[in-house]
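*Asks:* This structure is in structure tokens; I'll ask about it shortly.
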Amino acid sequence: MSRDRDNEFIAYMQAFEASTTHLGACTACQDDQPCDVGEPVHSEFIARQDAWTNRVRAERKQP
């Protein structure tokens, strides 16, 4: 795994942890209504998850 790929995966996992930690403590976010604090946290996770998923899919298509 390259250093860039390692860093991207670590950032993805950190965003996942931040999102799930916030979700576990915020009743508004648990009802699918992200609060003002949670919305950017969850958006960051989704963006990093999408980037990681797209990278993995692209790498699978390479010979």
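Every chain in the structure tokens has a letter given in the order shown (A, B, ...), and although residue numbers restart at 1 in each chain, ligands are simply numbered from 1 in the order shown.
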For Tyr12 of chain A, list every protein, DNA or RNA residue within 8 Å, evaluated using only C-alpha atoms, and leave out those in the same chain fewer than 4 positions away; present the list as a compact mmCIF listing (two decimals) with N, CA, C and O atoms, in the first residue's frame.
*Replies:*
```
# COMPACT_ATOMS: atom_id res chain seq x y z
N GLU A 8 -4.93 8.11 3.00
CA GLU A 8 -6.34 8.24 2.60
C GLU A 8 -7.21 7.29 3.43
O GLU A 8 -8.29 7.67 3.90
N PHE A 16 -14.88 8.09 9.89
CA PHE A 16 -15.88 7.11 10.34
C PHE A 16 -16.03 7.15 11.85
O PHE A 16 -17.15 7.20 12.37
N PHE A 45 -17.36 12.23 6.50
CA PHE A 45 -17.27 10.77 6.45
C PHE A 45 -17.77 10.26 5.10
O PHE A 45 -17.10 9.44 4.46
N ARG A 48 -15.25 11.01 2.34
CA ARG A 48 -14.05 10.15 2.41
C ARG A 48 -14.39 8.70 2.06
O ARG A 48 -13.60 8.01 1.42
N GLN A 49 -15.57 8.24 2.45
CA GLN A 49 -16.00 6.89 2.10
C GLN A 49 -16.15 6.77 0.57
O GLN A 49 -15.69 5.79 -0.02
N TRP A 52 -12.70 6.71 -1.08
CA TRP A 52 -12.03 5.42 -0.88
C TRP A 52 -12.66 4.34 -1.76
O TRP A 52 -11.96 3.57 -2.41
```
*Asks:* Hey, which of A:Ser2, A:Asn54, A:Ile10, A:His42 ends up closest to Leu23 of chain A? Count only C-alpha atoms.
*Replies:* A:His42
*Asks:* What residues in chain A get the DSSP label alpha helix (DSSP H)? Please answer as an NGL selection string.
*Replies:* :A and (3-25 or 27-30 or 38-61)
*Asks:* Looking at only C-alpha atoms, which of A:Asp6, A:Gln62, A:Ala15, A:Cys26 is the one that sits closest to Pro40 of chain A?
*Replies:*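 Residue with the minimum atom-to-atom distance to Pro40 of chain A: A:Ala15.
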